[in-house]
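The structure appears right after this line, and notes come after that.
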Number of protein chains: 8
Amino acid sequence: MIRERTRELLEQLQAGDVSVEAALEQLSRLPFVETEHARIDTHRALRQGLPEVIFGPGKTPLQIAEIATVLQGEGQHVLVTRVEADAAAQVAERLPGGRYDAVSRVLWFGPEVVAPIGKGTIAVVAAGTADLPVAREAELVAGYFGNKVEVLQDVGVAGIHRLLASQDVLRSARVLIVCAGMEGALPSVVGGLVDKPVIAVPTSVGYGASLGGIAALLGMLTSCASNVTVVNIDNGFGAAHVATLINRL
Amino acid sequence: MIRERTRELLEQLQAGDVSVEAALEQLSRLPFVETEHARIDTHRALRQGLPEVIFGPGKTPLQIAEIATVLQGEGQHVLVTRVEADAAAQVAERLPGGRYDAVSRVLWFGPEVVAPIGKGTIAVVAAGTADLPVAREAELVAGYFGNKVEVLQDVGVAGIHRLLASQDVLRSARVLIVCAGMEGALPSVVGGLVDKPVIAVPTSVGYGASLGGIAALLGMLTSCASNVTVVNIDNGFGAAHVATLINRL
Amino acid sequence: MIRERTRELLEQLQAGDVSVEAALEQLSRLPFVETEHARIDTHRALRQGLPEVIFGPGKTPLQIAEIATVLQGEGQHVLVTRVEADAAAQVAERLPGGRYDAVSRVLWFGPEVVAPIGKGTIAVVAAGTADLPVAREAELVAGYFGNKVEVLQDVGVAGIHRLLASQDVLRSARVLIVCAGMEGALPSVVGGLVDKPVIAVPTSVGYGASLGGIAALLGMLTSCASNVTVVNIDNGFGAAHVATLINRL
Amino acid sequence: MIRERTRELLEQLQAGDVSVEAALEQLSRLPFVETEHARIDTHRALRQGLPEVIFGPGKTPLQIAEIATVLQGEGQHVLVTRVEADAAAQVAERLPGGRYDAVSRVLWFGPEVVAPIGKGTIAVVAAGTADLPVAREAELVAGYFGNKVEVLQDVGVAGIHRLLASQDVLRSARVLIVCAGMEGALPSVVGGLVDKPVIAVPTSVGYGASLGGIAALLGMLTSCASNVTVVNIDNGFGAAHVATLINRL
Amino acid sequence: MIRERTRELLEQLQAGDVSVEAALEQLSRLPFVETEHARIDTHRALRQGLPEVIFGPGKTPLQIAEIATVLQGEGQHVLVTRVEADAAAQVAERLPGGRYDAVSRVLWFGPEVVAPIGKGTIAVVAAGTADLPVAREAELVAGYFGNKVEVLQDVGVAGIHRLLASQDVLRSARVLIVCAGMEGALPSVVGGLVDKPVIAVPTSVGYGASLGGIAALLGMLTSCASNVTVVNIDNGFGAAHVATLINRL
Amino acid sequence: MIRERTRELLEQLQAGDVSVEAALEQLSRLPFVETEHARIDTHRALRQGLPEVIFGPGKTPLQIAEIATVLQGEGQHVLVTRVEADAAAQVAERLPGGRYDAVSRVLWFGPEVVAPIGKGTIAVVAAGTADLPVAREAELVAGYFGNKVEVLQDVGVAGIHRLLASQDVLRSARVLIVCAGMEGALPSVVGGLVDKPVIAVPTSVGYGASLGGIAALLGMLTSCASNVTVVNIDNGFGAAHVATLINRL
Amino acid sequence: MIRERTRELLEQLQAGDVSVEAALEQLSRLPFVETEHARIDTHRALRQGLPEVIFGPGKTPLQIAEIATVLQGEGQHVLVTRVEADAAAQVAERLPGGRYDAVSRVLWFGPEVVAPIGKGTIAVVAAGTADLPVAREAELVAGYFGNKVEVLQDVGVAGIHRLLASQDVLRSARVLIVCAGMEGALPSVVGGLVDKPVIAVPTSVGYGASLGGIAALLGMLTSCASNVTVVNIDNGFGAAHVATLINRL
Amino acid sequence: MIRERTRELLEQLQAGDVSVEAALEQLSRLPFVETEHARIDTHRALRQGLPEVIFGPGKTPLQIAEIATVLQGEGQHVLVTRVEADAAAQVAERLPGGRYDAVSRVLWFGPEVVAPIGKGTIAVVAAGTADLPVAREAELVAGYFGNKVEVLQDVGVAGIHRLLASQDVLRSARVLIVCAGMEGALPSVVGGLVDKPVIAVPTSVGYGASLGGIAALLGMLTSCASNVTVVNIDNGFGAAHVATLINRL
């Protein structure tokens with residue numbers, strides 16, 4: 001995109017349609033919009049093939065609403081992650097029309113169902129009930145980003161038959177997202193059962209030696225299944241983002 | 001594979017061609033070969049679409065040669081990673097015909113060039129000269145696994161123009177592997193320039209607060225570019241494995 | 001200062017103007033004021049060229065007001081950092097005339113605008129919206145300490161064009177303060193673009209593997225840009241202090 | 001034992017057979033032998049039901065031989081753990097008759113086969129080839145302590161069928177020792193398959209984020225299988241000791 | 001259990017009583033029940049010899065009540081751990097008949113006293129008053145799981161005579177659970193006094209360098225008493241579970 | 001004490017004044033009192049020369065009042081540490097007559113001033129205002145334990161003249177307690193100025209890289225002044241206890 | 001530099017002196033030289049005002065010589081850091097004319113004395129004899145980069161008079177580099193004595209709780225002297241680099 | 001000392017015996033000697049009551065010999081710690097007359113036996129054989145510093161009767177040094193048995209979760225015996241130094 005635009009500009013300059021100063025100016029004018037609180041990257045959708053996403057924590061409801069309004073003004077769907085219920089309600093007062101999921105804390109301004117663009121199915125696998133908020137975030141984001149999603153939950157490794165009973169779901173997926181806390185062993189087992197990329201999401205579920213998800217994180221990074229890559233603790237969104245990119249290949 | 005085999009077996013049982021005891025026996029006989037030192041998974045190539053790979057550390061040259069011989073006997077190419085030069089020489093005495101790369105410590109029993117199966121190009125990007133051993137491992141493994149690979153080296157973020165000058169290499173790849181030590185910032189910058197999955201490999205390059213690669217690892221896990229996933233420190237092999245799976249989609 | 005004063009005292013002693021006992025006494029009487037809660041260093045302004053600053057946390061509004069009153073009594077401007085809004089209000093009841101900024105939690109007793117003493121401009125660069133509280137602290141403190149300040153915000157490395165579009169701001173600064181959380185990669189990139197000292201401020205923005213700012217801290221300490229030095233997590237004040245000293249050189 | 005001895009002593013005192021001073025003296029004379037380098041607990045065999053074991057590291061071959069000689073003099077079998085091959089050779093010069101296993105670095109002064117005292121079988125399960133030294137230590141120690149031992153190796157979770165194929169070994173054991181490095185997930189899976197106590201031994205096998213076995217250790221401590229307890233990294237001996245005590249119940 | 005059921009199924013198939021498709025179906029139908037929030041493992045009681053236990057944290061009172069109801073419907077007793085008092089009250093509104101212990105936060109649906117199945121006594125030893133919640137959890141769980149339990153509290157190592165005075169309690173136990181925070185030294189001392197397995201439970205009692213129980217955890221893992229195994233910080237439940245399995249041997 | 005008592009008992013036995021059974025019983029009856037919640041060590045005052053101290057956290061006001069009542073009943077003064085203000089008020093309702101200091105959270109049942117038993121002065125030195133709660137705890141406890149105490153506050157190393165001006169206080173002390181947070185450098189400097197034992201108390205004062213006092217703790221442990229020993233973070237009580245023992249020598 | 005070059009290029013394009021394709025090509029040709037092992041940034045000297053520096057570790061003597069030769073070919077002085085003596089000898093065989101300092105492991109191709117460009121003096125302060133290698137690196141690098149340097153060594157905080165005796169050296173410096181291991185307290189004390197920027201260099205000197213320099217690093221980051229910034233452990237080079245930039249202001 | 005000297009100087013100045021310039025000069029001339037490698041603090045013996053001690057690591061034999069020679073020239077005894085055997089031999093070539101202990105690596109230039117100055121006995125207690133090097137260092141240093149020393153070894157807590165049998169040694173000491181690795185529990189037990197200050201020395205003995213002595217260190221810092229203070233890992237010297245100061249009180 002940028003290269004094309006630069007070529008166009010250079011051709012205009014060669015043709016005498018713009019001055020050197022104006023060309024210099026335009027070369028430095030890159031695709032973002034300044035608001036009071038943020039320099040919003042409105043062209044990321046073009047560059048990355050996906051809409052800008054607002055990471056909720058550390059932003060006031062006012063800031064979220066402001067950024068979302070700019071993005072909507074650019075004709076984009078808007079996804080906000082990790083919004084607490086009361087903050088979501090405050091955003092809704094300023095910008096109606098959103099859908100809020102209380103389990104995953106995802107706020108979405110867009111159609112209820114997005115037509116699938118991804119070529120296959122993304123499987124979202126969760127070890128236990130307590131991992132659901134993270135898995136749900138991955139599920140919703142993957143769906144809003146245009147993927148068919150299948151969810152498998154409560155299939156932790158200590159009752160391995162529950163997982164084995166659903167091998168067809170695992171094997172029919174084009175890419176898998178596996179969420180687990182505590183010892184984080186599930187991605188290793190799943191990774192050994194499939195020949196597709198597995199994105200492991202450590203969750204902060206656990207106590208004591210789980211160290212807020214560090215145990216699961218380390219376990220996933222040292223997985224003996226070599227088709228496993230890892231994202232940050234509780235980062236269901238990031239997993240869904242990468243899975244989407246893979247599913248579009 | 002396993003399901004088909006089970007079905008076949010059940011049909012034979014139904015047909016009276018095998019006894020219950022024999023069926024029980026065969027149901028438990030799964031596809032691996034026992035040697036003195038290892039239970040070798042000879043069917044992983046079928047299950048995972050890739051040959052078994054031998055992780056060198058902690059294994060004696062004798063053990064490596066023994067496992068490699070079994071795998072060759074099954075008609076497979078054999079990849080051994082992280083073999084020190086002298087161990088590689090000792091393996092060669094027992095099992096000739098391998099190719100050894102001293103920079104990456106990869107030992108390969110197979111053709112010099114493997115015809116590409118993957119659909120596009122895998123870009124392997126290295127931040128500095130000291131990251132080359134890891135990047136080379138990724139490059140060789142990806143090549144041996146049937147991918148077209150393009151390498152970009154010495155493009156660390158402190159001289160960002162070196163990276164920007166090669167944006168076309170980045171943008172033309174179907175999946176990217178980015179290796180960096182010290183602060184590990186390169187995947188974040190690369191991730192922002194492309195709309196493809198980026199597999200980040202932290203390297204143990206650095207000293208002091210780099211903590212043997214932990215600083216780079218943490219940096220990559222907390223990347224603000226959400227198309228980045230991470231593998232273990234110095235795990236060029238794992239990155240190439242996943243990139244291969246993605247490139248075959 | 002101390003040496004001159006000692007010389008003067010010794011000359012008085014030589015001249016018989018003071019007794020040995022009195023000289024001993026004065027040699028030990030150093031420039032500070034004792035209150036009930038603190039031994040306040042009133043001469044630091046002279047020694048360090050900057051007023052004493054009150055670090056808010058762990059002090060009651062009463063203690064803050066008491067120390068500030070002493071310092072005002074010495075004719076100094078007073079800066080208080082990290083004061084929560086309600087504490088600031090309680091201080092104001094005891095000592096009116098302050099200016100409070102809720103984003104950075106800075107409380108200031110002094111003129112709205114301080115005439116620049118520093119020779120050039122200090123650039124304050126923030127990676128994301130969530131880093132603003134720290135960046136604002138740096139901005140305000142640098143301003144109150146007599147510097148011209150220019151702020152650049154929301155220029156994180158995952159959208160590198162936003163930063164590159166503002167290279168002139170970076171290049172025209174005499175010293176730069178760069179605030180970033182998560183992977184903390186921004187100082188490395190900025191450091192590669194300028195030939196001035198860069199003071200990196202890791203922020204506690206992030207989650208999971210960001211470990212409350214430790215990931216950013218480690219990343220900045222291991223930066224491959226060697227014009228980067230680092231202060232404590234969220235320490236916008238310290239960065240502004242050092243930048244002020246550098247800008248006065 | 002001690003209580004009985006105390007009673008006996010008190011009765012002798014009551015009977016006038018010993019003086020108060022002598023009783024005091026004997027009450028303080030507890031069952032150990034002082035050598036130049038160690039205070040050897042010769043009665044532990046009685047108290048704990050097992051011989052004193054010499055932990056090799058940090059002791060010179062001379063010290064090892066000296067302590068072993070004392071223990072043999074008391075009529076005990078002697079087990080020495082973690083003795084490097086050359087140290088074992090030096091011990092052998094001073095005290096012949098030992099059996100040395102180079103893989104596990106166990107040195108044993110006793111019969112080649114010890115008749116089983118334990119009631120059932122101890123299963124020793126190892127995830128990979130590199131875990132063998134630790135598993136072998138557990139196997140040998142358990143054998144020398146009088147247990148029937150069955151070993152299952154190279155059954156890591158990324159090829160779960162290898163493990164499932166050996167469920168009968170797992171299920172027939174009275175207590176299980178499971179050794180695994182890297183992500184340390186094997187005890188969780190094994191724990192879910194049996195209703196017996198599982199003693200997990202994290203090994204230092206791995207690199208990078210395995211942190212010398214810490215990743216496996218944390219994973220085992222946070223196992224979702226609640227019949228798992230954990231010993232120190234690479235502590236095959238400790239696992240065998242506890243398994244022996246359990247197997248004698 | 002599973003093997004028997006498989007055999008039965010295979011025999012039915014051989015006899016023509018079921019079709020291949022039905023056999024395949026049944027082979028994949030494993031013993032669990034799906035609810036909206038969880039895949040409940042109703043046969044674990046059979047497989048593990050113990051009822052399913054609900055880990056409270058991260059589950060809403062609604063979810064707890066739902067799962068408990070399913071389990072009760074299967075005729076099982078139900079144990080819920082770590083339920084805060086208000087959550088327990090909300091569960092009670094939906095599912096009456098439970099017994100709640102506020103110290104340990106254990107919620108139990110079953111008879112007040114469970115007839116002992118375990119062969120001997122489990123000793124639960126607590127170092128200090130602050131360790132009581134964890135020790136009480138171990139005590140209640142062990143009792144509800146059918147064990148005779150004896151409790152010894154406030155016998156920390158800094159007043160060793162308090163412990164020595166109760167050696168008969170220690171020595172008469174078949175298996176011991178020892179709970180301690182701070183330096184976590186108690187299991188080492190207890191371990192030296194008995195010849196039975198000791199399960200050490202580090203507690204999060206302490207401050208500063210106790211690091212939330214990590215100091216005690218590390219201390220217990222490196223215990224010089226080799227009859228000690230360790231569970232996660234504050235995991236009184238897990239200790240009781242393993243102790244129960246051992247006590248049934 | 002115990003030895004004397006044992007001798008006495010043995011002599012009574014020899015004299016026929018007690019039976020063997022009674023002697024056995026008494027030998028095991030050691031000096032403590034059992035309450036519902038605690039096994040209180042009433043003779044520690046005799047054994048250690050100091051009263052039993054109640055560590056407040058993790059105990060309910062009811063438990064504190066109960067233990068304190070028992071100790072008072074034994075004629076002892078009672079010290080309770082780290083009692084929050086509201087808990088102290090609740091204790092007071094059950095057991096009046098205490099003195100509560102809100103800064104240090106110390107609760108004391110005893111005379112306002114305790115006559116000094118210690119031979120010299122204990123200096124309590126605090127780096128900054130925020131370290132006062134810990135320093136005050138040390139000061140009060142040392143006073144209540146019968147020492148003359150001198151306090152020096154706000155003498156942090158970044159204004160070294162403030163400390164040097166008070167060298168006579170430092171030099172006249174028999175033992176010194178030095179409390180500091182952040183980088184914890186003060187004990188090193190003080191240690192270099194005196195030839196007496198220095199007990200360093202790291203405080204949790206600081207943020208970011210201070211890691212809740214770990215930075216100060218590590219700094220003090222690695223002090224280049226070799227007359228420095230260290231206690232746990234914020235442990236003003238422990239420092240005062242040891243200083244008391246030293247001051248009585 | 002880049003902007004000027006771009007303007008020139010655009011003017012040539014406007015003037016018809018270059019084609020659009022050629023301009024595009026040149027815009028992407030940025031100032032570096034590719035060798036087999038590295039993409040060398042030859043213009044950093046212009047951009048950063050300092051020559052490219054070669055970080056020795058992880059590079060073979062061959063690679064070092066190759067890069068140095070390219071840089072010399074561009075007319076630059078060349079600095080190589082952390083070269084072991086034998087590697088330096090091997091480099092010298094390929095590229096003579098260098099100066100090697102064995103204490104700091106610095107290798108320099110350039111004049112023995114570089115005429116000062118910096119405006120004032122850089123003070124390099126070392127806490128102890130063991131910190132000399134790091135301090136020497138800082139001293140040599142600062143000298144080679146054109147600064148007047150003054151060194152103060154063995155002035156650790158536990159003998160504070162040694163430091164105070166040299167206050168004039170400290171006070172006359174324009175910028176200070178302070179190297180210290182163990183508790184790393186020296187920068188705090190020095191920082192309090194001067195009104196200039198202090199660059200703290202933690203060294204890996206120490207043992208046990210010094211954690212390879214982490215204790216010193218944390219101490220410096222949490223310094224109560226707010227004119228202190230920090231570089232990586234043992235990074236004498238980086239400190240000298242920043243000090244040079246500051247000294248040129 | 002310094003104060004007296006200052007007074008003297010001031011009186012000379014008052015008397016006209018010295019000029020202002022000479023007084024200024026002398027005030028800054030503090031008691032140390034500069035050599036090429038070190039600023040030696042020759043008066044510490046006076047100030048601290050103990051000779052300067054040379055910490056061996058990081059110093060060449062040449063530097064050690066040089067500093068020792070200067071100190072001997074000042075009439076002092078010289079203690080060098082942590083000198084490897086070959087380095088000690090090299091020092092001996094330059095400076096004969098030293099005594100070297102290979103277990104503790106202590107090198108001593110002074111009389112074989114130093115007459116006791118300390119008032120009582122220092123007990124040095126070691127948990128196991130592997131702790132002897134540290135305990136021996138403490139023993140030798142304490143002896144050379146003029147104390148009567150009693151050693152108790154191999155009395156680890158897992159065989160508590162060995163320790164209890166030597167209670168009279170513990171109780172008769174004026175101050176105790178307790179060395180232990182692994183879980184480091186010994187100081188807690190010893191601390192509970194005596195009413196004297198206990199200096200705990202964690203040792204690096206152990207493996208895995210002992211983390212090079214960190215487990216023992218944390219355990220000692222969180223000891224429930226409040227008469228325990230702690231020094232750095234393996235710091236037998238420091239413990240002996242402090243014990244000496246206490247023993248002279």
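Order determines the names: the first chain of the structure tokens is A, the second B, and so forth; residues in each chain are numbered 1 upward, and ligands are numbered 1 upward as they are shown.
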Notebook entry, point to check: If you run DSSP on the backbone, which residues of stretch 33-197 of chain E are alpha helix (DSSP H), as a VMD selection string?
Noted result: chain E and resid 44 to 48 61 to 73 85 to 94 132 to 144 160 to 164 167 to 172 186 to 193
Notebook entry, point to check: What lies within 6 Å of stretch 187-202 of chain D using only C-alpha atoms, ignoring chain neighbours under 4 positions off, as number ranges by chain?
Noted result: A: 157-159; D: 171, 175-181, 216-217, 223, 225, 227-231, 233; E: 48, 242, 245
Based on the selection just made, write N, CA, C and O atoms of those residues as a compact mmCIF listing (two decimals), in the first residue's frame.
# COMPACT_ATOMS: atom_id res chain seq x y z
N VAL A 157 -5.90 -32.58 31.02
CA VAL A 157 -5.12 -33.79 30.80
C VAL A 157 -5.28 -34.83 31.89
O VAL A 157 -4.96 -36.00 31.68
N ALA A 158 -5.78 -34.44 33.08
CA ALA A 158 -5.90 -35.43 34.14
C ALA A 158 -7.07 -36.39 33.91
O ALA A 158 -7.24 -37.34 34.66
N GLY A 159 -7.87 -36.10 32.90
CA GLY A 159 -8.92 -37.05 32.52
C GLY A 159 -8.84 -37.19 31.01
O GLY A 159 -9.71 -36.75 30.29
N ARG D 171 -1.42 -49.36 35.69
CA ARG D 171 -2.52 -49.71 36.58
C ARG D 171 -2.18 -50.84 37.55
O ARG D 171 -2.79 -50.97 38.60
N VAL D 175 2.52 -48.07 43.50
CA VAL D 175 2.91 -46.66 43.61
C VAL D 175 3.75 -46.38 42.38
O VAL D 175 4.44 -47.26 41.86
N LEU D 176 3.66 -45.11 41.86
CA LEU D 176 4.33 -44.78 40.61
C LEU D 176 5.30 -43.62 40.79
O LEU D 176 5.01 -42.67 41.53
N ILE D 177 6.44 -43.73 40.11
CA ILE D 177 7.41 -42.63 40.07
C ILE D 177 7.46 -42.17 38.62
O ILE D 177 7.71 -42.98 37.73
N VAL D 178 7.19 -40.88 38.39
CA VAL D 178 7.15 -40.39 37.02
C VAL D 178 8.17 -39.28 36.84
O VAL D 178 8.10 -38.24 37.52
N CYS D 179 9.14 -39.49 35.94
CA CYS D 179 10.24 -38.55 35.72
C CYS D 179 10.03 -37.83 34.40
O CYS D 179 9.88 -38.49 33.36
N ALA D 180 10.08 -36.50 34.42
CA ALA D 180 9.93 -35.76 33.17
C ALA D 180 10.60 -34.41 33.28
O ALA D 180 10.57 -33.78 34.35
N GLY D 181 11.20 -33.96 32.18
CA GLY D 181 11.80 -32.63 32.14
C GLY D 181 10.93 -31.72 31.30
O GLY D 181 9.73 -31.93 31.20
N ALA D 216 9.46 -27.68 34.78
CA ALA D 216 8.85 -28.98 35.07
C ALA D 216 8.39 -29.04 36.53
O ALA D 216 7.31 -29.55 36.84
N LEU D 217 9.21 -28.51 37.42
CA LEU D 217 8.87 -28.51 38.84
C LEU D 217 7.56 -27.77 39.09
O LEU D 217 6.64 -28.28 39.76
N SER D 223 -0.11 -29.50 39.15
CA SER D 223 -0.81 -30.54 38.39
C SER D 223 -2.29 -30.56 38.71
O SER D 223 -2.70 -30.43 39.87
N ALA D 225 -3.96 -33.17 38.39
CA ALA D 225 -4.23 -34.50 38.95
C ALA D 225 -3.85 -34.46 40.41
O ALA D 225 -2.69 -34.24 40.76
N ASN D 227 -3.57 -36.68 42.72
CA ASN D 227 -2.83 -37.77 43.38
C ASN D 227 -1.33 -37.67 43.14
O ASN D 227 -0.60 -38.64 43.29
N VAL D 228 -0.87 -36.48 42.80
CA VAL D 228 0.54 -36.25 42.49
C VAL D 228 1.22 -35.47 43.60
O VAL D 228 0.72 -34.43 44.02
N THR D 229 2.35 -35.98 44.11
CA THR D 229 3.21 -35.17 44.97
C THR D 229 4.57 -35.08 44.29
O THR D 229 4.87 -35.83 43.38
N VAL D 230 5.40 -34.16 44.76
CA VAL D 230 6.59 -33.79 44.01
C VAL D 230 7.82 -33.84 44.90
O VAL D 230 7.76 -33.55 46.10
N VAL D 231 8.95 -34.22 44.31
CA VAL D 231 10.24 -34.12 45.00
C VAL D 231 11.14 -33.15 44.22
O VAL D 231 10.76 -32.62 43.19
N ILE D 233 14.14 -31.44 41.95
CA ILE D 233 14.60 -31.68 40.57
C ILE D 233 15.69 -32.75 40.56
O ILE D 233 16.65 -32.68 41.34
N GLN E 48 -10.89 -43.56 40.19
CA GLN E 48 -9.92 -43.10 41.18
C GLN E 48 -10.26 -43.56 42.58
O GLN E 48 -9.48 -43.35 43.51
N VAL E 242 -3.87 -37.55 48.38
CA VAL E 242 -2.79 -38.53 48.27
C VAL E 242 -2.69 -39.37 49.54
O VAL E 242 -2.52 -40.60 49.48
N LEU E 245 -5.17 -42.12 49.38
CA LEU E 245 -4.77 -43.24 48.51
C LEU E 245 -3.74 -44.12 49.19
O LEU E 245 -3.80 -45.34 49.12
Margin query: Residues of chain F within 12 Å of chain C, counting only C-alpha atoms - could you list those as number ranges by chain?
Written below: F: 103, 126-134, 136, 151-156, 158-168, 181-183, 203-212, 215
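Note that the spacing between atom CA of E:Val80 and atom CA of E:Val113 amounts to 16.5 Å.
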Check: In Å to one decimal, how far is atom CA of E:Val141 from atom CA of E:Ala89?
Finding: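 Atom-to-atom, atom CA of E:Ala89 to atom CA of E:Val141, that is 19.9 Å.
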Notebook entry, point to check: Closest to F:Glu52 among F:Leu71, F:Ile64, F:Val149, F:Leu95, using only C-alpha atoms?
Noted result: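 Of the candidates, the smallest distance to F:Glu52 is held by F:Leu71.
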Return as a short mmCIF file (atom, residue, chain, number, x, y, z; two decimals) with N, CA and C atoms, in the first residue's frame the full set of residues in stretch 137-218 of chain H whose backbone-based DSSP assignment is strand (DSSP E).
data_model
loop_
_atom_site.label_atom_id
_atom_site.label_comp_id
_atom_site.auth_asym_id
_atom_site.auth_seq_id
_atom_site.Cartn_x
_atom_site.Cartn_y
_atom_site.Cartn_z
N LYS H 148 37.58 -17.81 71.35
CA LYS H 148 37.50 -19.23 71.62
C LYS H 148 36.33 -19.77 70.78
N VAL H 149 36.60 -20.88 70.05
CA VAL H 149 35.58 -21.40 69.13
C VAL H 149 35.29 -22.86 69.43
N GLU H 150 34.05 -23.25 69.39
CA GLU H 150 33.68 -24.65 69.53
C GLU H 150 32.84 -25.04 68.31
N VAL H 151 33.19 -26.22 67.72
CA VAL H 151 32.54 -26.62 66.47
C VAL H 151 31.65 -27.84 66.69
N LEU H 152 30.47 -27.80 66.07
CA LEU H 152 29.52 -28.90 66.13
C LEU H 152 29.11 -29.19 64.70
N GLN H 153 29.39 -30.41 64.22
CA GLN H 153 29.12 -30.64 62.80
C GLN H 153 28.24 -31.85 62.58
N VAL H 175 27.59 -16.53 71.47
CA VAL H 175 26.99 -16.21 70.19
C VAL H 175 27.20 -17.44 69.31
N LEU H 176 26.24 -17.69 68.40
CA LEU H 176 26.31 -18.92 67.59
C LEU H 176 26.28 -18.60 66.11
N ILE H 177 27.08 -19.35 65.37
CA ILE H 177 27.06 -19.28 63.91
C ILE H 177 26.54 -20.63 63.42
N VAL H 178 25.46 -20.61 62.61
CA VAL H 178 24.87 -21.86 62.16
C VAL H 178 24.88 -21.90 60.63
N CYS H 179 25.58 -22.89 60.09
CA CYS H 179 25.72 -23.01 58.64
C CYS H 179 24.87 -24.18 58.13
N ALA H 180 24.06 -23.92 57.12
CA ALA H 180 23.24 -24.99 56.56
C ALA H 180 22.87 -24.68 55.13
N VAL H 198 21.88 -15.72 67.15
CA VAL H 198 22.26 -16.77 66.20
C VAL H 198 22.48 -16.12 64.83
N ILE H 199 23.67 -16.31 64.29
CA ILE H 199 23.96 -15.79 62.95
C ILE H 199 23.88 -16.95 61.98
N ALA H 200 22.92 -16.86 61.07
CA ALA H 200 22.69 -17.95 60.14
C ALA H 200 23.45 -17.72 58.84
N VAL H 201 24.14 -18.76 58.39
CA VAL H 201 24.88 -18.69 57.13
C VAL H 201 24.29 -19.73 56.17
N PRO H 202 23.53 -19.28 55.18
CA PRO H 202 23.07 -20.23 54.18
C PRO H 202 24.25 -20.67 53.33
#
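Note that the spacing between atom CA of B:Ile67 and atom CA of B:Pro96 amounts to 13.9 Å.
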